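Below is the file protein.cif, which contains mmCIF, C-alpha atoms.
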data_final
#
loop_
_atom_site.label_atom_id
_atom_site.label_comp_id
_atom_site.auth_asym_id
_atom_site.auth_seq_id
_atom_site.Cartn_x
_atom_site.Cartn_y
_atom_site.Cartn_z
CA MET R 1 58.14 99.81 -65.07
CA GLU R 2 61.67 100.60 -66.27
CA ASP R 3 63.01 100.23 -62.68
CA LEU R 4 61.11 97.02 -62.21
CA VAL R 5 62.40 95.49 -65.44
CA LEU R 6 66.00 96.22 -64.49
CA GLY R 7 65.58 95.45 -60.79
CA LYS R 8 66.86 92.28 -59.15
CA PRO R 9 64.41 90.76 -56.69
CA ILE R 10 65.83 88.90 -53.72
CA LEU R 11 64.35 87.11 -50.70
CA ARG R 12 64.47 89.18 -47.52
CA LYS R 13 67.05 88.21 -44.94
CA GLY R 14 65.93 86.17 -41.95
CA LEU R 15 63.06 84.33 -43.63
CA LYS R 16 62.48 80.70 -42.77
CA VAL R 17 61.66 78.79 -45.94
CA ARG R 18 60.58 75.20 -46.44
CA PHE R 19 59.91 73.80 -49.89
CA GLU R 20 57.07 71.32 -49.72
CA GLY R 21 56.20 69.41 -52.90
CA THR R 22 55.65 72.02 -55.58
CA GLY R 23 54.78 74.69 -53.00
CA ALA R 24 56.58 76.39 -50.17
CA ILE R 25 55.91 77.67 -46.70
CA ILE R 26 57.59 80.85 -45.53
CA PHE R 27 57.83 82.43 -42.11
CA VAL R 28 58.35 86.20 -42.15
CA PRO R 29 59.85 87.16 -38.78
CA GLN R 30 59.10 90.87 -39.10
CA LYS R 31 55.41 90.09 -39.37
CA GLY R 32 55.40 86.90 -37.34
CA LYS R 33 53.30 85.36 -40.06
CA THR R 34 53.54 82.16 -42.03
CA TYR R 35 52.53 82.17 -45.66
CA GLU R 36 51.82 79.25 -47.93
CA LEU R 37 52.86 79.70 -51.53
CA ASN R 38 51.48 77.90 -54.55
CA SER R 39 53.69 76.32 -57.22
CA THR R 40 53.82 79.45 -59.40
CA ALA R 41 54.92 81.70 -56.56
CA THR R 42 57.38 79.02 -55.43
CA SER R 43 58.95 78.90 -58.90
CA VAL R 44 59.29 82.67 -58.73
CA ILE R 45 60.96 82.82 -55.31
CA LYS R 46 63.47 80.18 -56.41
CA LEU R 47 64.57 82.65 -59.09
CA CYS R 48 64.71 85.63 -56.69
CA ASP R 49 68.41 85.27 -55.88
CA GLY R 50 69.50 88.87 -56.32
CA ASN R 51 71.26 88.04 -59.58
CA ASN R 52 68.31 87.54 -61.89
CA THR R 53 66.65 90.66 -63.21
CA PHE R 54 62.90 90.87 -63.70
CA ARG R 55 63.53 90.39 -67.42
CA GLY R 56 65.77 87.38 -66.68
CA ILE R 57 63.06 85.75 -64.58
CA VAL R 58 60.51 86.30 -67.34
CA GLY R 59 62.91 84.60 -69.75
CA ALA R 60 63.49 81.65 -67.40
CA ILE R 61 59.77 81.12 -66.92
CA CYS R 62 59.05 81.34 -70.67
CA LYS R 63 61.76 78.78 -71.31
CA GLY R 64 60.03 76.31 -69.00
CA TYR R 65 56.63 76.56 -70.64
CA GLU R 66 55.81 76.24 -74.30
CA ASP R 67 53.24 78.53 -75.89
CA THR R 68 53.66 81.15 -73.17
CA GLU R 69 53.14 84.73 -74.18
CA GLU R 70 55.96 86.86 -72.78
CA ARG R 71 53.64 89.79 -72.21
CA MET R 72 51.32 87.66 -70.07
CA VAL R 73 54.24 86.31 -68.04
CA GLU R 74 55.46 89.87 -67.44
CA LYS R 75 52.05 90.93 -66.22
CA ASP R 76 51.65 87.93 -63.90
CA LEU R 77 55.21 88.18 -62.59
CA ASN R 78 54.72 91.85 -61.84
CA GLU R 79 51.62 91.02 -59.82
CA ILE R 80 53.27 88.13 -57.97
CA LEU R 81 56.37 90.15 -57.07
CA ARG R 82 54.29 93.05 -55.83
CA GLU R 83 52.37 90.72 -53.57
CA LEU R 84 55.52 88.98 -52.32
CA GLU R 85 56.98 92.40 -51.58
CA GLN R 86 53.84 93.45 -49.73
CA LEU R 87 54.04 90.31 -47.58
CA GLY R 88 57.65 91.04 -46.67
CA ILE R 89 59.04 88.06 -48.59
CA VAL R 90 60.82 89.77 -51.46
CA THR R 91 62.79 92.96 -51.67
CA TRP R 92 64.94 94.48 -54.40
CA LYS R 93 68.69 94.28 -54.39
CA ASN R 94 70.43 97.45 -53.25
CA GLU R 95 67.13 98.71 -51.90
CA MET E 1 48.78 83.65 -55.35
CA VAL E 2 49.34 83.09 -51.65
CA LEU E 3 48.12 79.60 -51.34
CA ASP E 4 46.35 78.93 -48.01
CA ASN E 5 45.03 75.90 -49.81
CA PRO E 6 43.05 73.50 -47.62
CA THR E 7 44.68 70.52 -49.32
CA PHE E 8 48.23 71.80 -48.73
CA VAL E 9 49.79 69.69 -45.99
CA THR E 10 53.39 70.09 -44.88
CA THR E 11 55.61 67.06 -44.35
CA THR E 12 56.13 68.01 -40.70
CA PRO E 13 54.31 70.59 -38.55
CA VAL E 14 55.33 74.22 -39.04
CA ILE E 15 53.48 75.79 -36.12
CA VAL E 16 53.13 74.18 -32.69
CA LYS E 17 50.57 75.62 -30.30
CA TRP E 18 51.55 74.38 -26.87
CA GLU E 19 49.25 74.50 -23.88
CA ILE E 20 52.13 74.45 -21.45
CA THR E 21 49.93 74.17 -18.32
CA LYS E 22 46.30 74.00 -17.35
CA ALA E 23 47.03 76.09 -14.25
CA CYS E 24 45.63 79.60 -14.25
CA ASN E 25 45.34 82.37 -11.69
CA LEU E 26 42.18 83.80 -13.25
CA ALA E 27 38.74 82.27 -13.67
CA CYS E 28 37.57 83.54 -17.03
CA LYS E 29 33.97 82.73 -17.71
CA HIS E 30 34.51 81.69 -21.31
CA CYS E 31 37.85 79.81 -21.09
CA TYR E 32 37.92 77.13 -23.78
CA ALA E 33 40.77 75.36 -21.96
CA ARG E 34 38.93 75.31 -18.63
CA GLY E 35 42.11 76.76 -17.12
CA GLY E 36 42.44 76.71 -13.34
CA THR E 37 43.94 73.69 -11.60
CA PRO E 38 47.02 72.11 -13.19
CA SER E 39 46.60 68.61 -14.62
CA LYS E 40 48.08 65.84 -12.49
CA ASP E 41 50.18 64.59 -15.33
CA GLU E 42 51.64 67.71 -16.94
CA LEU E 43 54.86 67.39 -18.92
CA SER E 44 57.99 67.96 -16.84
CA THR E 45 60.70 70.47 -17.69
CA ASP E 46 62.88 67.72 -19.16
CA GLU E 47 60.03 66.29 -21.19
CA VAL E 48 59.13 69.69 -22.65
CA LYS E 49 62.78 70.26 -23.58
CA LYS E 50 63.05 66.80 -25.14
CA PHE E 51 59.98 67.40 -27.31
CA MET E 52 61.18 70.90 -28.20
CA LYS E 53 64.38 69.35 -29.52
CA ARG E 54 62.36 66.94 -31.61
CA PHE E 55 60.35 69.86 -33.05
CA ALA E 56 63.59 71.66 -33.86
CA ASP E 57 64.86 68.54 -35.69
CA LEU E 58 61.66 68.59 -37.73
CA ASN E 59 62.22 72.24 -38.68
CA VAL E 60 59.18 73.61 -36.89
CA PHE E 61 59.18 77.41 -37.31
CA THR E 62 57.01 78.66 -34.47
CA LEU E 63 56.21 77.66 -30.91
CA GLN E 64 53.20 79.41 -29.50
CA PHE E 65 52.87 78.94 -25.75
CA THR E 66 49.45 79.15 -24.21
CA GLY E 67 47.66 77.77 -21.18
CA GLY E 68 46.13 78.03 -18.59
CA GLU E 69 48.51 80.82 -17.82
CA PRO E 70 52.03 79.96 -19.05
CA PHE E 71 53.80 82.22 -16.54
CA ILE E 72 52.41 80.17 -13.65
CA ARG E 73 54.92 77.45 -14.51
CA LYS E 74 58.01 78.12 -12.41
CA ASP E 75 60.20 76.81 -15.22
CA PHE E 76 58.57 78.90 -17.95
CA MET E 77 61.49 81.31 -18.34
CA GLU E 78 63.87 78.35 -18.54
CA LEU E 79 61.68 76.82 -21.26
CA LEU E 80 61.57 80.11 -23.15
CA ARG E 81 65.35 80.34 -22.98
CA PHE E 82 65.65 76.81 -24.31
CA ALA E 83 63.20 77.53 -27.15
CA HIS E 84 65.18 80.67 -27.96
CA GLU E 85 68.43 78.67 -28.11
CA LEU E 86 66.77 76.27 -30.55
CA ASN E 87 65.98 79.26 -32.75
CA PHE E 88 62.20 78.98 -32.73
CA SER E 89 60.06 81.98 -33.33
CA ILE E 90 58.24 82.29 -30.00
CA ASP E 91 54.78 83.65 -29.31
CA ILE E 92 53.16 83.74 -25.88
CA LEU E 93 49.46 84.02 -25.07
CA THR E 94 48.93 85.30 -21.54
CA ASN E 95 46.54 87.15 -19.28
CA GLY E 96 49.49 89.39 -18.37
CA THR E 97 48.86 89.44 -14.63
CA LEU E 98 52.23 87.83 -13.79
CA ILE E 99 54.30 90.10 -16.02
CA ASN E 100 56.06 92.96 -14.26
CA LYS E 101 58.93 95.16 -15.44
CA GLU E 102 61.58 92.51 -14.71
CA VAL E 103 59.68 89.73 -16.46
CA ALA E 104 59.08 92.03 -19.43
CA LYS E 105 62.83 92.72 -19.68
CA LYS E 106 63.61 88.99 -19.59
CA ILE E 107 61.04 88.34 -22.33
CA ALA E 108 62.64 91.06 -24.45
CA SER E 109 66.10 89.55 -23.93
CA LEU E 110 64.89 86.20 -25.28
CA ASN E 111 63.81 87.76 -28.54
CA VAL E 112 60.23 86.55 -28.12
CA HIS E 113 58.42 87.46 -31.30
CA SER E 114 55.16 88.53 -29.72
CA VAL E 115 53.16 88.46 -26.54
CA GLN E 116 49.40 88.38 -26.83
CA VAL E 117 47.62 89.78 -23.79
CA SER E 118 43.91 89.38 -23.16
CA LEU E 119 41.94 92.51 -22.32
CA ASP E 120 38.19 92.27 -22.06
CA GLY E 121 37.08 95.65 -20.86
CA ALA E 122 37.95 99.34 -20.97
CA ASN E 123 37.77 99.57 -17.18
CA PRO E 124 38.43 97.36 -14.11
CA ASP E 125 34.75 96.61 -13.53
CA THR E 126 34.09 95.03 -16.89
CA HIS E 127 37.42 93.24 -17.29
CA ASP E 128 37.62 91.87 -13.74
CA ARG E 129 34.03 90.65 -13.75
CA PHE E 130 34.63 88.72 -16.97
CA ARG E 131 38.05 87.46 -15.90
CA GLY E 132 36.78 86.45 -12.47
CA ILE E 133 39.44 88.07 -10.24
CA PRO E 134 39.49 91.63 -8.80
CA GLY E 135 42.65 93.57 -9.66
CA ALA E 136 43.27 91.67 -12.90
CA PHE E 137 42.71 94.77 -15.06
CA GLN E 138 45.36 96.88 -13.30
CA ARG E 139 47.93 94.09 -13.52
CA THR E 140 47.15 93.40 -17.16
CA ILE E 141 47.51 97.08 -18.06
CA LEU E 142 50.80 97.23 -16.14
CA ALA E 143 52.01 94.16 -18.06
CA ILE E 144 51.15 95.70 -21.41
CA LYS E 145 52.91 98.95 -20.52
CA SER E 146 55.99 97.09 -19.23
CA LEU E 147 56.20 94.95 -22.37
CA VAL E 148 55.76 97.94 -24.67
CA LYS E 149 58.44 99.83 -22.73
CA SER E 150 60.78 96.84 -23.12
CA LYS E 151 60.11 96.96 -26.87
CA VAL E 152 58.33 93.61 -27.00
CA ARG E 153 55.75 93.29 -29.76
CA VAL E 154 52.42 93.17 -27.95
CA SER E 155 49.06 92.16 -29.33
CA VAL E 156 45.91 92.76 -27.37
CA ALA E 157 43.11 90.23 -27.77
CA THR E 158 39.54 90.97 -26.78
CA THR E 159 36.69 88.52 -26.51
CA PHE E 160 33.61 90.53 -27.33
CA ASN E 161 30.54 89.50 -25.42
CA ARG E 162 27.36 90.86 -23.90
CA THR E 163 29.21 92.52 -20.99
CA ASN E 164 31.71 94.54 -23.02
CA VAL E 165 30.30 95.09 -26.50
CA ASN E 166 28.95 98.49 -25.45
CA GLU E 167 32.58 99.47 -24.69
CA LEU E 168 33.80 98.62 -28.17
CA ASP E 169 34.93 102.19 -28.93
CA GLU E 170 36.57 102.65 -25.52
CA ILE E 171 38.38 99.31 -25.62
CA TYR E 172 39.72 100.09 -29.09
CA GLN E 173 40.83 103.57 -28.00
CA LEU E 174 42.54 102.13 -24.92
CA VAL E 175 44.37 99.60 -27.09
CA ARG E 176 45.57 102.38 -29.39
CA ASP E 177 46.67 104.51 -26.44
CA LEU E 178 48.68 101.62 -24.98
CA GLY E 179 50.92 101.67 -28.05
CA VAL E 180 50.71 97.96 -28.88
CA CYS E 181 51.40 96.50 -32.33
CA SER E 182 48.14 94.79 -33.07
CA PHE E 183 44.62 94.07 -31.99
CA LEU E 184 42.88 90.73 -32.27
CA PHE E 185 39.33 89.95 -31.46
CA GLY E 186 37.05 86.99 -31.03
CA PHE E 187 33.73 86.06 -29.51
CA VAL E 188 32.46 83.73 -26.81
CA TYR E 189 32.24 80.24 -28.24
CA PRO E 190 30.51 77.21 -26.72
CA ILE E 191 33.79 75.49 -25.95
CA GLY E 192 35.14 74.56 -22.50
CA ARG E 193 33.61 76.86 -19.89
CA GLY E 194 32.21 78.87 -22.78
CA GLU E 195 29.62 76.13 -23.15
CA GLU E 196 28.12 77.11 -19.78
CA VAL E 197 27.93 80.85 -20.46
CA HIS E 198 27.39 80.90 -24.20
CA ARG E 199 23.64 81.40 -23.96
CA ASP E 200 24.01 84.42 -21.66
CA LEU E 201 27.18 86.03 -22.99
CA ALA E 202 27.50 85.29 -26.70
CA LEU E 203 26.65 88.00 -29.20
CA SER E 204 24.09 87.36 -31.89
CA PRO E 205 25.34 87.03 -35.49
CA GLU E 206 24.14 90.58 -36.18
CA GLU E 207 26.01 91.98 -33.18
CA GLN E 208 29.15 90.12 -34.19
CA GLU E 209 28.77 91.63 -37.63
CA LEU E 210 28.60 95.12 -36.10
CA VAL E 211 31.86 94.49 -34.22
CA ARG E 212 33.53 93.28 -37.42
CA GLU E 213 32.23 96.24 -39.40
CA PHE E 214 33.50 98.68 -36.76
CA LEU E 215 36.96 97.11 -36.75
CA ILE E 216 37.13 96.88 -40.52
CA ARG E 217 36.25 100.60 -40.67
CA GLU E 218 38.95 101.38 -38.11
CA SER E 219 41.50 99.21 -39.92
CA GLN E 220 40.94 101.29 -43.05
CA LYS E 221 41.95 104.44 -41.14
CA ILE E 222 45.28 102.98 -40.04
CA LYS E 223 48.33 104.30 -41.86
CA GLN E 224 51.24 102.01 -42.70
CA THR E 225 53.48 104.23 -40.59
CA ASP E 226 51.34 103.72 -37.47
CA GLY E 227 53.05 100.42 -36.68
CA PHE E 228 49.67 99.05 -35.71
CA SER E 229 47.27 96.63 -37.30
CA ILE E 230 43.96 94.97 -36.61
CA TYR E 231 44.20 91.27 -37.20
CA ILE E 232 41.12 90.52 -39.21
CA ASP E 233 42.33 87.51 -41.20
CA GLU E 234 40.78 84.89 -38.95
CA ALA E 235 37.51 86.72 -38.69
CA ILE E 236 36.79 87.67 -42.26
CA GLY E 237 39.58 86.19 -44.31
CA LYS E 238 42.61 87.70 -45.95
CA ILE E 239 42.26 90.74 -48.16
CA ILE E 240 44.53 90.09 -51.09
CA ASN E 241 44.66 92.56 -53.95
CA GLY E 242 41.36 93.98 -52.78
CA LYS E 243 39.60 90.60 -52.77
CA VAL E 244 38.51 88.86 -49.59
CA ARG E 245 39.51 85.20 -49.29
CA PRO E 246 37.92 83.13 -46.57
CA PRO E 247 40.11 82.04 -43.66
CA VAL E 248 41.63 78.59 -44.09
CA CYS E 249 42.02 76.44 -40.99
CA LYS E 250 45.65 75.46 -40.40
CA ALA E 251 44.84 72.64 -37.96
CA GLY E 252 46.44 69.37 -38.95
CA ARG E 253 47.77 70.81 -42.24
CA ILE E 254 50.63 72.96 -41.01
CA MET E 255 49.76 73.31 -37.34
CA VAL E 256 49.50 70.97 -34.39
CA ALA E 257 48.56 71.49 -30.75
CA ILE E 258 50.13 69.92 -27.69
CA THR E 259 48.26 69.75 -24.40
CA ALA E 260 49.81 70.13 -20.93
CA GLU E 261 49.87 66.31 -20.67
CA GLY E 262 51.57 65.85 -24.04
CA ASN E 263 48.52 64.90 -26.04
CA VAL E 264 48.71 65.76 -29.72
CA ALA E 265 45.62 67.56 -30.96
CA LEU E 266 44.45 69.44 -34.03
CA CYS E 267 44.26 72.79 -32.26
CA PRO E 268 44.11 74.08 -28.68
CA MET E 269 40.35 74.43 -28.92
CA LEU E 270 40.03 70.79 -29.94
CA SER E 271 42.20 69.25 -27.26
CA GLU E 272 39.63 66.63 -26.43
CA LEU E 273 40.25 65.02 -29.81
CA SER E 274 43.71 63.52 -29.40
CA ALA E 275 45.77 61.72 -32.03
CA GLY E 276 48.10 60.24 -29.41
CA ASN E 277 50.60 61.26 -26.74
CA LEU E 278 54.19 62.45 -27.18
CA ARG E 279 55.29 60.30 -24.25
CA ASN E 280 54.73 57.11 -26.19
CA GLN E 281 54.48 58.12 -29.86
CA ASP E 282 56.70 60.18 -32.09
CA ILE E 283 55.16 63.39 -33.41
CA GLN E 284 56.17 62.57 -36.95
CA ASP E 285 54.42 59.18 -36.86
CA LEU E 286 51.29 60.83 -35.56
CA TRP E 287 51.49 63.61 -38.14
CA GLU E 288 51.80 61.10 -40.99
CA LYS E 289 49.64 58.21 -39.86
CA SER E 290 47.14 59.24 -37.23
CA PRO E 291 43.59 58.48 -38.43
CA LEU E 292 42.47 61.80 -36.94
CA PHE E 293 44.90 63.85 -39.04
CA LEU E 294 44.22 61.81 -42.16
CA TYR E 295 40.48 62.25 -41.63
CA ILE E 296 40.52 66.03 -41.30
CA ARG E 297 42.91 66.54 -44.23
CA ASN E 298 40.44 65.11 -46.71
CA ILE E 299 37.99 67.89 -47.51
CA ARG E 300 35.67 65.36 -49.12
CA ASN E 301 34.86 64.31 -45.54
CA ILE E 302 33.22 67.71 -44.95
CA LYS E 303 29.55 67.38 -44.15
CA GLY E 304 26.44 69.54 -44.00
CA TYR E 305 25.99 72.82 -45.84
CA CYS E 306 29.75 73.37 -46.10
CA SER E 307 29.98 70.29 -48.33
CA ALA E 308 27.76 72.00 -50.89
CA CYS E 309 29.33 75.46 -50.64
CA LYS E 310 31.01 76.90 -53.71
CA TYR E 311 33.91 78.07 -51.56
CA LEU E 312 34.72 74.61 -50.14
CA ASP E 313 37.81 74.11 -52.28
CA VAL E 314 39.04 77.54 -51.22
CA CYS E 315 38.34 77.43 -47.47
CA GLY E 316 38.25 73.70 -46.70
CA GLY E 317 35.16 73.93 -44.53
CA GLY E 318 36.13 76.53 -41.96
CA CYS E 319 36.94 76.08 -38.29
CA LYS E 320 37.15 72.44 -37.23
CA ALA E 321 36.66 73.30 -33.54
CA MET E 322 33.44 75.23 -34.15
CA ALA E 323 32.18 72.39 -36.33
CA PHE E 324 33.03 69.82 -33.67
CA PHE E 325 31.24 71.64 -30.90
CA LYS E 326 28.19 72.25 -33.03
CA THR E 327 27.92 68.86 -34.72
CA GLY E 328 30.19 66.47 -32.81
CA ASP E 329 32.33 66.07 -35.92
CA PRO E 330 35.32 68.31 -36.80
CA MET E 331 34.34 67.83 -40.43
CA GLY E 332 30.82 69.09 -39.83
CA SER E 333 29.79 72.54 -41.06
CA ASP E 334 31.34 75.57 -39.37
CA PRO E 335 28.51 77.45 -37.64
CA HIS E 336 30.57 80.67 -37.55
CA CYS E 337 31.57 80.82 -41.20
CA PRO E 338 31.74 84.49 -42.24
CA TYR E 339 29.90 83.61 -45.42
CA ILE E 340 26.92 82.46 -43.40
CA PHE E 341 26.37 86.04 -42.37
CA SER E 342 25.86 87.27 -45.88
CA THR E 343 23.54 84.35 -46.52
CA TYR E 344 21.82 85.09 -43.23
CA LYS E 345 21.19 88.64 -44.35
CA LYS E 346 19.53 87.39 -47.49
CA GLY E 347 17.04 85.61 -45.29
CA ILE E 348 17.82 82.08 -46.35
CA ASN E 349 19.45 81.00 -43.12
CA SER E 350 16.74 78.40 -42.62
CA GLN E 351 18.50 76.33 -45.28
CA LEU E 352 21.58 76.22 -43.12
#
Kindly transcribe the structure held in the file into structure tokens.
Amino acid sequence: MEDLVLGKPILRKGLKVRFEGTGAIIFVPQKGKTYELNSTATSVIKLCDGNNTFRGIVGAICKGYEDTEERMVEKDLNEILRELEQLGIVTWKNE
Amino acid sequence: MVLDNPTFVTTTPVIVKWEITKACNLACKHCYARGGTPSKDELSTDEVKKFMKRFADLNVFTLQFTGGEPFIRKDFMELLRFAHELNFSIDILTNGTLINKEVAKKIASLNVHSVQVSLDGANPDTHDRFRGIPGAFQRTILAIKSLVKSKVRVSVATTFNRTNVNELDEIYQLVRDLGVCSFLFGFVYPIGRGEEVHRDLALSPEEQELVREFLIRESQKIKQTDGFSIYIDEAIGKIINGKVRPPVCKAGRIMVAITAEGNVALCPMLSELSAGNLRNQDIQDLWEKSPLFLYIRNIRNIKGYCSACKYLDVCGGGCKAMAFFKTGDPMGSDPHCPYIFSTYKKGINSQL
């Protein structure tokens, strides 16, 4: 978890991304697959710029929503990033 | 988290499935496109290029060329080159019989993302009988080997039916031995020529379930380092975080199909339902305003048992082509919904 908290997620190179309404559609060339992201995942990928740390993204999300428990955001973000990584959308800077 | 939401519609198409010709050198018994003789009015080289440019302007990601047999078109390599220059991700669906070492090298040089080759038997007898032409098996195998050698990503697609289901193990082993990247499978559907042979060749729901179970079992044995996968998304849904989500039809939401004559359809299997023709209407106008697209995007138009299903908001009613051929309405219930099988097993299929 320590690595994750300090890590800086970034979108993989070569992706084709289109933002559509509150969602996004992403083509991952390595897999040849197109994925549709919901608004939560889209908000997350917009913050995956290689500069924001996991902790920074948690902070940015909490700022946008009142009454959000930081611990819950951490848990959800962890899950979302793991899935985005598994799909070949997100990697970690310097990885 | 990954959306695949049936109400998610992109502002322009993202995936274009393009039946580039109706001409085919094989005579497959089940062909949904009724491939064989080219249409009289197929799009010319210049027309295809013009429409490709339009798709590039609209930020389409993927062009998937199908047929007929795409490689029958004398200008196909020129079209591939043009698509490559426009930076599309390119997929090709082919029977492989016109791909030799030289063609494979050219395909590799154009950075084609993947070539899907149909293989319907573990031996010449089974494959050639189903594909209608002697010698097809040998040429298809040669094509796969040439493509693999040229480092092209190859998928093998098998249509399981009464004539090859007993070779399931052998076909799968052959596919693994050929060193391809992925394996796709489907069944004989009552579409196109499939309508004529469906009664004799189609597997029963229980037999289809056995094929799925076998391939799911095999997919669980595959290691990440194998560089191989079994594409089971369309058949059973995506497995996300250990949970199965039903497949969501992309037709008319993010995907569009173009016929050899330039007709704009929901998907290649539904080419008889056309929204208009590229020769006289702009794709974007059709995408935004065509009554056909507007109709199928509204999941409240779904009819039959799918309209009452608890998964409707998740799956959007399944495959529009299957529904159309069963009920005459693309928004009818999908007769091949994977969830029907579990219901079927519970013995309440009479309600369906």
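Every residue of chain E that lies within 10 Å of chain R is listed here, counting only C-alpha atoms: Met1, Val2, Leu3, Asp4, Asn5, Phe8, Val9, Thr10, Thr11, Thr12, Val14, Ile15, Asn59, Val60, Phe61, Thr62, Ser89, Ile90, Asp91, His113, Ser114, Arg153, Ile240, Asn241 and Ile254 of chain E.
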Just the residues within 8 Å of region 304-313 of chain E, please, counting all atoms listed in the file, with nothing from its chain fewer than 4 positions along; format it as number ranges by chain. E: 5-6, 299-300, 317, 332-334, 352
How would the residues just picked look written out with C-alpha atoms as an mmCIF file, in the frame of the given file?
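Saved the output as result-v1.cif:
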data_model
loop_
_atom_site.group_PDB
_atom_site.id
_atom_site.type_symbol
_atom_site.label_atom_id
_atom_site.label_comp_id
_atom_site.auth_asym_id
_atom_site.auth_seq_id
_atom_site.Cartn_x
_atom_site.Cartn_y
_atom_site.Cartn_z
ATOM 1 C CA ASN E 5 45.030 75.900 -49.810
ATOM 2 C CA PRO E 6 43.050 73.500 -47.620
ATOM 3 C CA ILE E 299 37.990 67.890 -47.510
ATOM 4 C CA ARG E 300 35.670 65.360 -49.120
ATOM 5 C CA GLY E 317 35.160 73.930 -44.530
ATOM 6 C CA GLY E 332 30.820 69.090 -39.830
ATOM 7 C CA SER E 333 29.790 72.540 -41.060
ATOM 8 C CA ASP E 334 31.340 75.570 -39.370
ATOM 9 C CA LEU E 352 21.580 76.220 -43.120
#
List, as a PyMOL selection string, every residue that the PyMOL selection byres ((chain E and resi 271) around 10) selects in the file provided. chain E and resi 19+32-33+257-260+263-270+272-275+321
How many Å separate CA of Ser109 (chain E) from CA of Glu85 (chain E)?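 Going from CA of Ser109 (chain E) over to CA of Glu85 (chain E), I get 11.9 Å.
The coordinates place CA of Gly50 (chain R) at 5.4 Å from CA of Pro9 (chain R).
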For Gly318 (chain E), which of E:Leu215, E:Leu294, E:Cys249, E:Leu58 is the closest residue, counting all atoms listed in the file?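 Result for the nearest residue to Gly318 (chain E): E:Cys249.
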For this structure, which residues satisfy the selection - the PyMOL selection byres ((chain R and resi 55) around 12) - when it is evaluated on the file as given? I want them as a VMD selection string. chain R and resid 1 to 9 47 to 48 51 to 54 56 to 62 70 to 71 73 to 75 77 to 78
For region 45-57 of chain R, take all atoms listed in the file, fit an axis-aligned box around them, add 5 Å to each of the six sides, then output centre and edge lengths in Å rounded to one decimal, as lines of an AutoDock Vina configuration file.
center_x = 66.1
center_y = 85.5
center_z = -61.4
size_x = 20.3
size_y = 20.7
size_z = 22.1
When you draw a straight line from CA of Ala202 (chain E) to CA of Pro190 (chain E), how long is it in Å? 8.6 Å
Hey, what comes out of the PyMOL selection byres ((chain E and resi 130-143) around 6) on this file? Could you write it as a ChimeraX atom specification? /E:26-28,96-97,99-100,124,127-129,144-146
Region 42-76 of chain R written out with C-alpha atoms as a compact mmCIF listing (two decimals), in the first residue's frame:
# COMPACT_ATOMS: atom_id res chain seq x y z
CA THR R 42 -13.26 9.18 -16.29
CA SER R 43 -12.67 11.62 -13.43
CA VAL R 44 -9.86 9.37 -12.26
CA ILE R 45 -8.08 9.09 -15.62
CA LYS R 46 -8.19 12.87 -16.00
CA LEU R 47 -6.09 13.03 -12.84
CA CYS R 48 -3.66 10.31 -13.96
CA ASP R 49 -1.10 12.69 -15.47
CA GLY R 50 2.06 11.27 -13.93
CA ASN R 51 2.34 14.22 -11.55
CA ASN R 52 -0.46 13.45 -9.12
CA THR R 53 0.27 10.84 -6.49
CA PHE R 54 -2.38 8.40 -5.33
CA ARG R 55 -2.76 10.53 -2.21
CA GLY R 56 -3.06 13.67 -4.36
CA ILE R 57 -5.83 12.11 -6.42
CA VAL R 58 -7.69 11.11 -3.26
CA GLY R 59 -7.42 14.72 -2.08
CA ALA R 60 -8.67 16.11 -5.41
CA ILE R 61 -11.66 13.79 -5.41
CA CYS R 62 -12.55 14.58 -1.78
CA LYS R 63 -12.39 18.28 -2.59
CA GLY R 64 -15.00 17.83 -5.32
CA TYR R 65 -17.52 16.03 -3.14
CA GLU R 66 -18.83 17.08 0.23
CA ASP R 67 -19.37 14.50 2.95
CA THR R 68 -16.92 12.07 1.35
CA GLU R 69 -15.02 9.81 3.67
CA GLU R 70 -11.36 9.79 2.69
CA ARG R 71 -10.99 6.14 3.63
CA MET R 72 -13.82 5.15 1.28
CA VAL R 73 -12.33 7.19 -1.56
CA GLU R 74 -8.96 5.50 -1.01
CA LYS R 75 -10.56 2.08 -1.16
CA ASP R 76 -12.56 2.86 -4.32
